[in-house]
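Heads up, run.pdb below (PDB, C-alpha atoms):
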```
ATOM      1  CA  MET Q   1     199.807 180.122 218.661
ATOM      2  CA  LYS Q   2     203.103 180.372 216.842
ATOM      3  CA  ILE Q   3     204.265 177.050 218.322
ATOM      4  CA  GLY Q   4     201.081 175.307 217.140
ATOM      5  CA  LYS Q   5     201.505 176.712 213.640
ATOM      6  CA  LEU Q   6     205.170 175.654 213.606
ATOM      7  CA  VAL Q   7     204.295 172.119 214.710
ATOM      8  CA  SER Q   8     201.524 171.755 212.108
ATOM      9  CA  ARG Q   9     203.783 173.084 209.362
ATOM     10  CA  SER Q  10     206.618 170.757 210.397
ATOM     11  CA  ALA Q  11     204.260 167.784 210.424
ATOM     12  CA  TRP Q  12     203.049 168.768 206.949
ATOM     13  CA  TYR Q  13     206.617 168.999 205.630
ATOM     14  CA  ILE Q  14     207.509 165.634 207.155
ATOM     15  CA  LEU Q  15     204.423 164.012 205.601
ATOM     16  CA  MET Q  16     205.117 165.495 202.167
ATOM     17  CA  THR Q  17     208.784 164.497 202.375
ATOM     18  CA  GLY Q  18     207.802 160.929 203.215
ATOM     19  CA  LEU Q  19     205.340 160.747 200.329
ATOM     20  CA  SER Q  20     207.966 162.204 197.971
ATOM     21  CA  LEU Q  21     210.504 159.592 199.031
ATOM     22  CA  LEU Q  22     207.962 156.826 198.473
ATOM     23  CA  SER Q  23     207.307 158.172 194.969
ATOM     24  CA  VAL Q  24     210.981 158.481 194.079
ATOM     25  CA  TYR Q  25     212.059 155.163 195.605
ATOM     26  CA  PRO Q  26     210.979 152.863 192.685
ATOM     27  CA  ILE Q  27     212.776 155.101 190.185
ATOM     28  CA  VAL Q  28     215.998 155.169 192.222
ATOM     29  CA  PHE Q  29     215.854 151.411 192.778
ATOM     30  CA  SER Q  30     215.334 150.791 189.048
ATOM     31  CA  LEU Q  31     218.243 153.098 188.164
ATOM     32  CA  LEU Q  32     220.648 151.415 190.556
ATOM     33  CA  ALA Q  33     219.442 147.898 189.739
ATOM     34  CA  GLY Q  34     220.270 148.542 186.099
ATOM     35  CA  PHE Q  35     223.951 148.650 187.077
ATOM     36  CA  LYS Q  36     223.867 145.199 188.690
ATOM     37  CA  ARG Q  37     224.544 141.818 187.119
ATOM     38  CA  ASN Q  38     221.677 139.424 186.518
ATOM     39  CA  GLU Q  39     223.097 136.792 188.870
ATOM     40  CA  ASP Q  40     223.240 139.339 191.702
ATOM     41  CA  PHE Q  41     219.458 139.425 191.988
ATOM     42  CA  THR Q  42     219.454 136.119 193.806
ATOM     43  CA  SER Q  43     221.097 137.757 196.833
ATOM     44  CA  ILE Q  44     219.789 141.344 196.982
ATOM     45  CA  ASN Q  45     218.287 141.833 200.427
ATOM     46  CA  SER Q  46     218.710 145.573 201.020
ATOM     47  CA  ILE Q  47     216.445 148.546 200.436
ATOM     48  CA  LEU Q  48     218.646 149.783 197.594
ATOM     49  CA  PRO Q  49     220.966 147.617 195.440
ATOM     50  CA  ILE Q  50     224.133 149.566 196.290
ATOM     51  CA  ALA Q  51     226.579 146.981 197.567
ATOM     52  CA  GLY Q  52     228.356 144.486 195.333
ATOM     53  CA  ARG Q  53     229.544 144.652 191.755
ATOM     54  CA  HIS Q  54     228.371 147.231 189.263
ATOM     55  CA  THR Q  55     228.509 147.268 185.484
ATOM     56  CA  LEU Q  56     227.455 149.385 182.512
ATOM     57  CA  GLU Q  57     226.827 146.337 180.359
ATOM     58  CA  ASN Q  58     223.035 146.468 180.715
ATOM     59  CA  TYR Q  59     222.688 150.099 179.614
ATOM     60  CA  ALA Q  60     225.396 149.824 176.942
ATOM     61  CA  GLY Q  61     223.890 146.619 175.597
ATOM     62  CA  LEU Q  62     220.465 148.216 175.245
ATOM     63  CA  LEU Q  63     221.817 151.318 173.507
ATOM     64  CA  ASN Q  64     223.558 149.093 170.945
ATOM     65  CA  SER Q  65     220.663 146.676 170.460
ATOM     66  CA  PRO Q  66     218.090 146.837 167.616
ATOM     67  CA  GLY Q  67     215.629 145.519 170.182
ATOM     68  CA  PHE Q  68     215.975 148.884 171.936
ATOM     69  CA  ILE Q  69     216.635 151.269 169.038
ATOM     70  CA  GLN Q  70     213.597 150.219 166.979
ATOM     71  CA  PRO Q  71     211.113 150.571 169.879
ATOM     72  CA  LEU Q  72     212.788 153.890 170.733
ATOM     73  CA  ILE Q  73     212.128 155.176 167.208
ATOM     74  CA  HIS Q  74     208.506 154.002 167.392
ATOM     75  CA  SER Q  75     208.080 155.705 170.782
ATOM     76  CA  VAL Q  76     209.493 159.009 169.526
ATOM     77  CA  VAL Q  77     207.340 158.975 166.376
ATOM     78  CA  ARG Q  78     204.221 158.058 168.332
ATOM     79  CA  THR Q  79     204.864 160.716 170.969
ATOM     80  CA  MET Q  80     205.463 163.453 168.393
ATOM     81  CA  PHE Q  81     202.356 162.452 166.454
ATOM     82  CA  PHE Q  82     200.102 162.607 169.501
ATOM     83  CA  ALA Q  83     201.707 165.801 170.789
ATOM     84  CA  VAL Q  84     201.319 167.697 167.491
ATOM     85  CA  VAL Q  85     198.547 166.177 165.389
ATOM     86  CA  LEU Q  86     196.155 165.199 168.158
ATOM     87  CA  THR Q  87     196.645 168.557 169.894
ATOM     88  CA  CYS Q  88     195.716 170.385 166.676
ATOM     89  CA  VAL Q  89     192.617 168.192 166.338
ATOM     90  CA  CYS Q  90     191.601 168.953 169.926
ATOM     91  CA  ALA Q  91     192.050 172.690 169.286
ATOM     92  CA  LEU Q  92     190.008 172.699 166.073
ATOM     93  CA  VAL Q  93     187.169 170.587 167.482
ATOM     94  CA  GLY Q  94     187.116 172.506 170.759
ATOM     95  CA  TYR Q  95     187.004 175.833 168.906
ATOM     96  CA  VAL Q  96     184.116 174.751 166.688
ATOM     97  CA  LEU Q  97     182.154 173.395 169.659
ATOM     98  CA  GLU Q  98     182.483 176.682 171.503
ATOM     99  CA  ARG Q  99     182.024 179.206 168.710
ATOM    100  CA  TYR Q 100     179.585 177.552 166.270
ATOM    101  CA  GLU Q 101     176.047 176.203 166.475
ATOM    102  CA  PHE Q 102     175.082 173.115 164.476
ATOM    103  CA  PRO Q 103     172.654 170.187 164.792
ATOM    104  CA  GLY Q 104     173.835 167.540 167.241
ATOM    105  CA  LYS Q 105     176.332 169.829 168.975
ATOM    106  CA  LYS Q 106     175.145 169.054 172.505
ATOM    107  CA  LEU Q 107     174.909 165.334 171.730
ATOM    108  CA  PHE Q 108     178.489 165.280 170.437
ATOM    109  CA  PHE Q 109     179.815 167.209 173.414
ATOM    110  CA  ASN Q 110     177.946 164.967 175.847
ATOM    111  CA  TYR Q 111     179.489 161.960 174.086
ATOM    112  CA  ILE Q 112     182.960 163.384 174.739
ATOM    113  CA  LEU Q 113     182.126 163.742 178.421
ATOM    114  CA  VAL Q 114     180.550 160.296 178.736
ATOM    115  CA  VAL Q 115     183.465 158.406 177.181
ATOM    116  CA  GLN Q 116     185.773 159.855 179.847
ATOM    117  CA  VAL Q 117     184.100 157.665 182.477
ATOM    118  CA  VAL Q 118     184.258 154.501 180.354
ATOM    119  CA  PRO Q 119     187.432 152.480 181.103
ATOM    120  CA  TRP Q 120     189.423 152.687 177.891
ATOM    121  CA  VAL Q 121     190.705 149.151 178.448
ATOM    122  CA  LEU Q 122     187.235 147.927 177.447
ATOM    123  CA  THR Q 123     187.797 149.282 173.924
ATOM    124  CA  LEU Q 124     190.908 147.178 173.258
ATOM    125  CA  GLY Q 125     188.992 144.071 172.217
ATOM    126  CA  PRO Q 126     186.550 145.748 169.791
ATOM    127  CA  LEU Q 127     189.366 147.878 168.339
ATOM    128  CA  TYR Q 128     191.482 144.780 167.823
ATOM    129  CA  LEU Q 129     188.722 143.185 165.738
ATOM    130  CA  VAL Q 130     188.213 146.366 163.731
ATOM    131  CA  MET Q 131     191.921 146.733 162.945
ATOM    132  CA  ALA Q 132     192.234 143.052 162.062
ATOM    133  CA  ARG Q 133     189.383 143.403 159.533
ATOM    134  CA  VAL Q 134     190.593 146.461 157.622
ATOM    135  CA  PRO Q 135     189.972 145.733 153.902
ATOM    136  CA  LEU Q 136     192.997 145.330 151.613
ATOM    137  CA  ALA Q 137     195.487 145.534 154.476
ATOM    138  CA  GLY Q 138     197.763 142.814 155.806
ATOM    139  CA  GLY Q 139     196.576 140.257 153.271
ATOM    140  CA  ASN Q 140     192.848 140.963 153.746
ATOM    141  CA  ASN Q 141     190.485 140.924 150.796
ATOM    142  CA  ILE Q 142     188.006 143.696 150.061
ATOM    143  CA  LEU Q 143     185.678 142.236 152.701
ATOM    144  CA  GLY Q 144     188.371 142.381 155.389
ATOM    145  CA  ALA Q 145     188.971 138.637 155.624
ATOM    146  CA  GLY Q 146     191.920 136.349 154.955
ATOM    147  CA  GLY Q 147     194.728 138.269 156.621
ATOM    148  CA  SER Q 148     195.764 140.168 159.734
ATOM    149  CA  GLY Q 149     194.748 143.687 158.684
ATOM    150  CA  LEU Q 150     196.717 146.362 160.480
ATOM    151  CA  ILE Q 151     197.704 144.087 163.355
ATOM    152  CA  ASP Q 152     201.481 144.115 163.862
ATOM    153  CA  ASN Q 153     201.800 147.184 161.629
ATOM    154  CA  PRO Q 154     203.960 149.945 163.194
ATOM    155  CA  ALA Q 155     201.603 152.589 161.754
ATOM    156  CA  LEU Q 156     198.975 151.317 164.176
ATOM    157  CA  ASN Q 157     200.898 152.995 166.999
ATOM    158  CA  CYS Q 158     199.716 156.338 165.625
ATOM    159  CA  ILE Q 159     196.282 155.233 164.385
ATOM    160  CA  ILE Q 160     194.835 154.031 167.680
ATOM    161  CA  ILE Q 161     193.362 157.076 169.456
ATOM    162  CA  LEU Q 162     191.501 155.977 172.556
ATOM    163  CA  PRO Q 163     188.496 157.908 173.956
ATOM    164  CA  SER Q 164     190.564 159.114 176.905
ATOM    165  CA  ASN Q 165     192.554 161.337 174.525
ATOM    166  CA  LEU Q 166     189.431 163.392 173.811
ATOM    167  CA  LEU Q 167     189.809 165.219 177.132
ATOM    168  CA  GLY Q 168     191.849 167.874 175.318
ATOM    169  CA  ILE Q 169     188.742 168.902 173.379
ATOM    170  CA  PHE Q 170     186.919 169.626 176.621
ATOM    171  CA  LEU Q 171     189.876 171.555 178.071
ATOM    172  CA  PHE Q 172     190.284 173.726 174.962
ATOM    173  CA  ARG Q 173     186.550 174.446 174.798
ATOM    174  CA  GLN Q 174     186.552 175.574 178.410
ATOM    175  CA  SER Q 175     189.582 177.768 177.785
ATOM    176  CA  MET Q 176     187.827 179.407 174.819
ATOM    177  CA  LYS Q 177     185.088 180.595 177.184
ATOM    178  CA  THR Q 178     187.570 183.034 178.714
ATOM    179  CA  LEU Q 179     188.396 184.614 175.327
ATOM    180  CA  PRO Q 180     186.017 187.360 174.091
ATOM    181  CA  ARG Q 181     184.610 187.005 170.595
ATOM    182  CA  ASP Q 182     185.721 190.561 169.795
ATOM    183  CA  PHE Q 183     189.188 189.335 168.817
ATOM    184  CA  GLU Q 184     187.810 186.992 166.163
ATOM    185  CA  GLU Q 185     185.257 189.495 164.876
ATOM    186  CA  ALA Q 186     187.977 192.111 164.422
ATOM    187  CA  ALA Q 187     190.154 189.589 162.564
ATOM    188  CA  GLU Q 188     187.265 188.583 160.292
ATOM    189  CA  ILE Q 189     186.573 192.237 159.481
ATOM    190  CA  ASP Q 190     190.211 192.544 158.434
ATOM    191  CA  GLY Q 191     189.684 189.656 156.008
ATOM    192  CA  CYS Q 192     191.000 186.670 157.969
ATOM    193  CA  GLY Q 193     189.504 183.302 157.092
ATOM    194  CA  PHE Q 194     188.751 180.409 159.433
ATOM    195  CA  LEU Q 195     192.191 178.791 159.371
ATOM    196  CA  ARG Q 196     194.001 182.110 159.629
ATOM    197  CA  VAL Q 197     191.953 183.055 162.674
ATOM    198  CA  ILE Q 198     192.786 179.705 164.254
ATOM    199  CA  PHE Q 199     196.517 179.597 163.586
ATOM    200  CA  GLN Q 200     197.423 183.297 163.779
ATOM    201  CA  LEU Q 201     195.070 184.454 166.526
ATOM    202  CA  ILE Q 202     193.524 181.689 168.614
ATOM    203  CA  ILE Q 203     196.530 179.383 168.963
ATOM    204  CA  PRO Q 204     198.956 182.125 170.146
ATOM    205  CA  LEU Q 205     196.373 183.395 172.653
ATOM    206  CA  GLN Q 206     195.567 179.885 173.902
ATOM    207  CA  MET Q 207     199.147 178.627 174.015
ATOM    208  CA  PRO Q 208     199.131 177.733 177.770
ATOM    209  CA  ILE Q 209     196.256 175.252 177.493
ATOM    210  CA  LEU Q 210     197.624 173.908 174.194
ATOM    211  CA  ILE Q 211     200.933 173.164 175.919
ATOM    212  CA  VAL Q 212     199.031 171.284 178.632
ATOM    213  CA  ILE Q 213     197.130 169.240 176.039
ATOM    214  CA  ALA Q 214     200.326 168.521 174.081
ATOM    215  CA  ILE Q 215     202.232 167.433 177.208
ATOM    216  CA  THR Q 216     199.333 165.254 178.344
ATOM    217  CA  ASN Q 217     199.101 163.575 174.945
ATOM    218  CA  ALA Q 218     202.875 163.141 174.754
ATOM    219  CA  LEU Q 219     203.124 161.576 178.211
ATOM    220  CA  TRP Q 220     200.217 159.260 177.510
ATOM    221  CA  ALA Q 221     201.716 158.148 174.196
ATOM    222  CA  TRP Q 222     205.172 157.599 175.696
ATOM    223  CA  THR Q 223     204.118 155.695 178.811
ATOM    224  CA  ASP Q 224     201.312 153.602 177.316
ATOM    225  CA  PHE Q 225     202.390 149.979 177.003
ATOM    226  CA  LEU Q 226     199.058 148.185 176.684
ATOM    227  CA  VAL Q 227     198.111 149.367 173.184
ATOM    228  CA  PRO Q 228     201.438 148.407 171.497
ATOM    229  CA  TYR Q 229     201.631 145.219 173.573
ATOM    230  CA  THR Q 230     198.103 144.234 172.480
ATOM    231  CA  TYR Q 231     198.361 144.968 168.761
ATOM    232  CA  MET Q 232     201.988 144.092 168.011
ATOM    233  CA  ASN Q 233     203.311 140.551 167.658
ATOM    234  CA  ASN Q 234     206.820 141.471 166.499
ATOM    235  CA  SER Q 235     208.933 142.853 169.333
ATOM    236  CA  LEU Q 236     210.659 145.262 166.927
ATOM    237  CA  ASN Q 237     207.322 146.959 166.232
ATOM    238  CA  LEU Q 238     206.699 147.722 169.907
ATOM    239  CA  THR Q 239     207.297 151.009 171.676
ATOM    240  CA  LEU Q 240     209.679 151.153 174.620
ATOM    241  CA  SER Q 241     206.847 150.779 177.125
ATOM    242  CA  GLY Q 242     205.524 147.822 175.170
ATOM    243  CA  ALA Q 243     208.987 146.257 175.173
ATOM    244  CA  VAL Q 244     209.078 146.582 178.969
ATOM    245  CA  GLY Q 245     205.708 144.846 179.185
ATOM    246  CA  LEU Q 246     206.867 142.048 176.884
ATOM    247  CA  MET Q 247     210.059 141.477 178.846
ATOM    248  CA  ALA Q 248     208.217 141.490 182.182
ATOM    249  CA  SER Q 249     205.717 139.005 180.789
ATOM    250  CA  ALA Q 250     208.536 136.751 179.593
ATOM    251  CA  LEU Q 251     210.118 136.845 183.051
ATOM    252  CA  LEU Q 252     206.855 135.738 184.652
ATOM    253  CA  GLN Q 253     206.274 132.943 182.149
ATOM    254  CA  PHE Q 254     209.714 131.455 181.683
ATOM    255  CA  GLY Q 255     211.629 132.622 184.739
ATOM    256  CA  ASP Q 256     214.562 133.887 182.671
ATOM    257  CA  LYS Q 257     216.567 135.952 185.165
ATOM    258  CA  GLN Q 258     217.122 139.090 183.088
ATOM    259  CA  TYR Q 259     216.068 141.394 185.914
ATOM    260  CA  ALA Q 260     218.989 143.794 185.541
ATOM    261  CA  THR Q 261     218.252 144.292 181.849
ATOM    262  CA  LEU Q 262     214.580 144.829 182.650
ATOM    263  CA  PHE Q 263     215.412 147.494 185.244
ATOM    264  CA  ALA Q 264     217.815 149.212 182.836
ATOM    265  CA  LEU Q 265     215.159 149.256 180.106
ATOM    266  CA  SER Q 266     212.561 150.571 182.548
ATOM    267  CA  THR Q 267     214.903 153.366 183.636
ATOM    268  CA  LEU Q 268     215.674 154.444 180.074
ATOM    269  CA  THR Q 269     211.945 154.407 179.327
ATOM    270  CA  ILE Q 270     210.882 156.563 182.256
ATOM    271  CA  ILE Q 271     213.630 159.216 182.061
ATOM    272  CA  PRO Q 272     212.040 161.165 179.130
ATOM    273  CA  SER Q 273     208.703 161.360 180.984
ATOM    274  CA  ILE Q 274     210.412 162.774 184.069
ATOM    275  CA  LEU Q 275     212.313 165.346 182.015
ATOM    276  CA  ILE Q 276     209.167 166.446 180.185
ATOM    277  CA  PHE Q 277     207.332 166.985 183.456
ATOM    278  CA  LEU Q 278     210.241 168.798 185.157
ATOM    279  CA  PHE Q 279     210.771 171.239 182.290
ATOM    280  CA  PHE Q 280     207.108 171.952 181.556
ATOM    281  CA  GLN Q 281     205.430 171.746 184.976
ATOM    282  CA  LYS Q 282     204.933 175.529 185.205
ATOM    283  CA  TYR Q 283     203.113 175.514 181.861
ATOM    284  CA  ILE Q 284     200.844 172.744 183.133
ATOM    285  CA  VAL Q 285     199.763 174.908 186.074
ATOM    286  CA  GLN Q 286     199.233 177.976 183.874
ATOM    287  CA  GLY Q 287     197.293 176.012 181.267
ATOM    288  CA  LEU Q 288     194.969 174.329 183.736
ATOM    289  CA  ALA Q 289     194.312 177.700 185.377
ATOM    290  CA  SER Q 290     193.323 179.182 181.999
ATOM    291  CA  ALA Q 291     190.880 176.297 181.426
ATOM    292  CA  GLY Q 292     188.990 176.871 184.653
ATOM    293  CA  ILE Q 293     185.321 175.922 184.495
ATOM    294  CA  LYS Q 294     183.177 178.878 183.505
ATOM    295  CA  GLY Q 295     179.501 179.170 182.716
TER
END
```
Using structure tokens, write down the structure that the file contains.
Amino acid sequence: MKIGKLVSRSAWYILMTGLSLLSVYPIVFSLLAGFKRNEDFTSINSILPIAGRHTLENYAGLLNSPGFIQPLIHSVVRTMFFAVVLTCVCALVGYVLERYEFPGKKLFFNYILVVQVVPWVLTLGPLYLVMARVPLAGGNNILGAGGSGLIDNPALNCIIILPSNLLGIFLFRQSMKTLPRDFEEAAEIDGCGFLRVIFQLIIPLQMPILIVIAITNALWAWTDFLVPYTYMNNSLNLTLSGAVGLMASALLQFGDKQYATLFALSTLTIIPSILIFLFFQKYIVQGLASAGIKG
């Protein structure tokens, strides 16, 4: 019996180790490839690009290039906006949906659930037309014609909120089901208003799920390349992920052998996401546990 359990456990560890190595392999390859020279990619025939010459020129060149610094600034601003502002919106809407009754409540909540199953990529086209027709923006007249609207405007990186980001509302609402109303009633008796109850009582008590929502929004904002790539024409207005998409597209179209630079840019783009997950993974588990489905 003990031998069978030992064999099954060993097989499980071997399987998980193999899957972990497969997951880590692209990241390690990208990191090492960033130290190679562009001309070396015509002769790389090994699993990892270890042999041969190595250089820091690719990473140093990116860190000193406006083509990297500007997208980096846009990525940081966009990530902070989604992590803070959108998380607060999810908390407020989720709280109201759970604690208050109003006409159309069930319809609105069902809408939030339905849009989760709609591929958000399908909204890119309609949103593009809407943003291009914003009145009095980008040379448009009051009817939204004549110019480009908000297209190629860096502010659009923080304006576009896709339906998939509404999942935080559902998670916060479910987490509120585990919190008795007695806390809020006692605070209201003591003279606390709506906002004071939210920010001084609810948010501290619901911090685990709020951290999960904030991390989810931050990771989505940082890693998303399709939205900036779709709405931005100027490469300096892109985020880092969008810059990676633009460079990869240029490689496919024109065959310019800047593979080492592309790998270096990809590595610098993915490192913050890895660090966020490593440092906050325990909060993700705690938050999801507090938002368990109830009633």
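For range 130-137 of chain Q, the residues within 9 Å (counting all atoms listed in the file, excluding itself and residues fewer than 4 positions away along the chain) are Gly125, Pro126, Asn141, Ile142, Leu143, Gly144, Ala145, Gly146, Gly147, Ser148, Gly149, Leu150, Ile151, Leu156 and Tyr231 of chain Q.
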Next, write the just-selected residues to a file, as a PDB file, in the coordinates of the input, keeping C-alpha atoms as the atom set.
```
ATOM      1  CA  GLY Q 125     188.992 144.071 172.217  1.00  0.00           C
ATOM      2  CA  PRO Q 126     186.550 145.748 169.791  1.00  0.00           C
ATOM      3  CA  ASN Q 141     190.485 140.924 150.796  1.00  0.00           C
ATOM      4  CA  ILE Q 142     188.006 143.696 150.061  1.00  0.00           C
ATOM      5  CA  LEU Q 143     185.678 142.236 152.701  1.00  0.00           C
ATOM      6  CA  GLY Q 144     188.371 142.381 155.389  1.00  0.00           C
ATOM      7  CA  ALA Q 145     188.971 138.637 155.624  1.00  0.00           C
ATOM      8  CA  GLY Q 146     191.920 136.349 154.955  1.00  0.00           C
ATOM      9  CA  GLY Q 147     194.728 138.269 156.621  1.00  0.00           C
ATOM     10  CA  SER Q 148     195.764 140.168 159.734  1.00  0.00           C
ATOM     11  CA  GLY Q 149     194.748 143.687 158.684  1.00  0.00           C
ATOM     12  CA  LEU Q 150     196.717 146.362 160.480  1.00  0.00           C
ATOM     13  CA  ILE Q 151     197.704 144.087 163.355  1.00  0.00           C
ATOM     14  CA  LEU Q 156     198.975 151.317 164.176  1.00  0.00           C
ATOM     15  CA  TYR Q 231     198.361 144.968 168.761  1.00  0.00           C
TER      16      TYR Q 231
END
```
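Using the PyMOL selection byres ((chain Q and resi 59-61) around 8) on this structure selects Gly34, Phe35, Leu56, Glu57, Asn58, Leu62, Leu63, Asn64, Ser65, Thr261, Ala264 and Leu265 of chain Q.
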Selection under test: the PyMOL selection byres ((chain Q and resi 68) around 10); residues as a list in words = Gly61, Leu62, Leu63, Asn64, Ser65, Pro66, Gly67, Ile69, Gln70, Pro71, Leu72, Ile73, Ser235, Leu236, Leu238, Thr239, Leu240, Ala243, Leu265 and Leu268 of chain Q
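CA of Arg173 in chain Q lies 17.0 Å from CA of Leu195 in chain Q.
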- request: Kindly resolve the PyMOL selection byres ((chain Q and resi 197) around 12) on the present coordinates and return the residues as a list in words.
  value: Leu92, Tyr95, Arg181, Phe183, Glu184, Glu185, Ala186, Ala187, Glu188, Ile189, Asp190, Gly191, Cys192, Gly193, Phe194, Leu195, Arg196, Ile198, Phe199, Gln200, Leu201, Ile202, Ile203, Pro204 and Leu205 of chain Q
Axis-aligned box for range 20-30 of chain Q, 5 Å per side, centre and edges in Å as JSON:
```
{"center_x": 211.7, "center_y": 156.5, "center_z": 194.0, "size_x": 18.7, "size_y": 21.4, "size_z": 20.0}
```
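Using only C-alpha atoms, the nearest neighbour of Thr230 in chain Q within the list Q:Arg99, Q:Leu246, Q:Ile112, Q:Leu210 is Q:Leu246.
Nearest to Phe29 in chain Q of all the residues Q:Ala214, Q:Ala260, Q:Leu122, Q:Leu86 is Q:Ala260, based on all atoms listed in the file.
For the pair CA of Ala221 in chain Q and CA of Phe82 in chain Q, the separation is 6.7 Å.
From CA of Trp222 in chain Q back to CA of Ile27 in chain Q, the distance works out to 16.6 Å.
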Excluding Tyr111 in chain Q and its own-chain neighbours fewer than 2 positions away, which residues fall within 12 Å of it when counting all atoms listed in the file? Please give them as an NGL selection string. :Q and (104-109 or 113-118 or 163-164 or 166-167 or 169-170)
Closest of Q:Leu31, Q:Leu226, Q:Ile3, Q:Val76 to His54 in chain Q, counting all atoms listed in the file, is Q:Leu31
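With only C-alpha atoms as the atoms that count, the residue of Q:Ile215, Q:Ser266, Q:Asn234, Q:Pro119 with the shortest distance to Leu278 in chain Q is Q:Ile215.
Shortest separation to Phe172 in chain Q among Q:Thr87, Q:Ser30, Q:Thr267, Q:Thr17 occurs at residue Q:Thr87, atoms counted being all atoms listed in the file.
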Which residues come within 8 Å of Pro154 in chain Q, counting only C-alpha atoms, excluding same-chain residues fewer than 5 positions away, as a ChimeraX atom specification?
/Q:74,232,237-238
Is there a way to complete range 204-209 of chain Q with all heavy atoms and then write that out as a JSON list (two decimals), in the coordinates of the input?
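Contents of out32.json, as written:
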```
[["chain", "number", "residue", "atom", "x", "y", "z"],
["Q", 204, "PRO", "N", 198.03, 181.35, 169.29],
["Q", 204, "PRO", "CA", 198.96, 182.12, 170.15],
["Q", 204, "PRO", "C", 198.32, 182.58, 171.46],
["Q", 204, "PRO", "O", 199.00, 182.59, 172.50],
["Q", 204, "PRO", "CB", 199.31, 183.33, 169.26],
["Q", 204, "PRO", "CG", 199.13, 182.85, 167.87],
["Q", 204, "PRO", "CD", 197.94, 181.93, 167.93],
["Q", 205, "LEU", "N", 197.03, 182.94, 171.44],
["Q", 205, "LEU", "CA", 196.37, 183.40, 172.65],
["Q", 205, "LEU", "C", 196.09, 182.25, 173.62],
["Q", 205, "LEU", "O", 196.04, 182.45, 174.83],
["Q", 205, "LEU", "CB", 195.06, 184.11, 172.31],
["Q", 205, "LEU", "CG", 195.19, 185.46, 171.59],
["Q", 205, "LEU", "CD1", 193.82, 185.99, 171.19],
["Q", 205, "LEU", "CD2", 195.90, 186.47, 172.49],
["Q", 206, "GLN", "N", 195.90, 181.04, 173.08],
["Q", 206, "GLN", "CA", 195.57, 179.88, 173.90],
["Q", 206, "GLN", "C", 196.76, 178.94, 174.07],
["Q", 206, "GLN", "O", 196.58, 177.75, 174.35],
["Q", 206, "GLN", "CB", 194.40, 179.11, 173.27],
["Q", 206, "GLN", "CG", 193.11, 179.89, 173.17],
["Q", 206, "GLN", "CD", 192.50, 180.15, 174.54],
["Q", 206, "GLN", "OE1", 192.97, 179.64, 175.56],
["Q", 206, "GLN", "NE2", 191.46, 180.95, 174.60],
["Q", 207, "MET", "N", 197.96, 179.47, 173.94],
["Q", 207, "MET", "CA", 199.15, 178.63, 174.02],
["Q", 207, "MET", "C", 199.29, 177.88, 175.35],
["Q", 207, "MET", "O", 199.70, 176.71, 175.36],
["Q", 207, "MET", "CB", 200.40, 179.47, 173.75],
["Q", 207, "MET", "CG", 201.66, 178.64, 173.56],
["Q", 207, "MET", "SD", 201.50, 177.42, 172.22],
["Q", 207, "MET", "CE", 201.44, 178.51, 170.80],
["Q", 208, "PRO", "N", 198.97, 178.49, 176.51],
["Q", 208, "PRO", "CA", 199.13, 177.73, 177.77],
["Q", 208, "PRO", "C", 198.34, 176.43, 177.80],
["Q", 208, "PRO", "O", 198.88, 175.38, 178.16],
["Q", 208, "PRO", "CB", 198.64, 178.72, 178.84],
["Q", 208, "PRO", "CG", 198.89, 180.06, 178.24],
["Q", 208, "PRO", "CD", 198.62, 179.89, 176.78],
["Q", 209, "ILE", "N", 197.06, 176.48, 177.44],
["Q", 209, "ILE", "CA", 196.26, 175.25, 177.49],
["Q", 209, "ILE", "C", 196.67, 174.28, 176.40],
["Q", 209, "ILE", "O", 196.61, 173.07, 176.57],
["Q", 209, "ILE", "CB", 194.74, 175.57, 177.39],
["Q", 209, "ILE", "CG1", 193.92, 174.33, 177.69],
["Q", 209, "ILE", "CG2", 194.40, 176.13, 176.03],
["Q", 209, "ILE", "CD1", 194.14, 173.73, 179.03]]
```
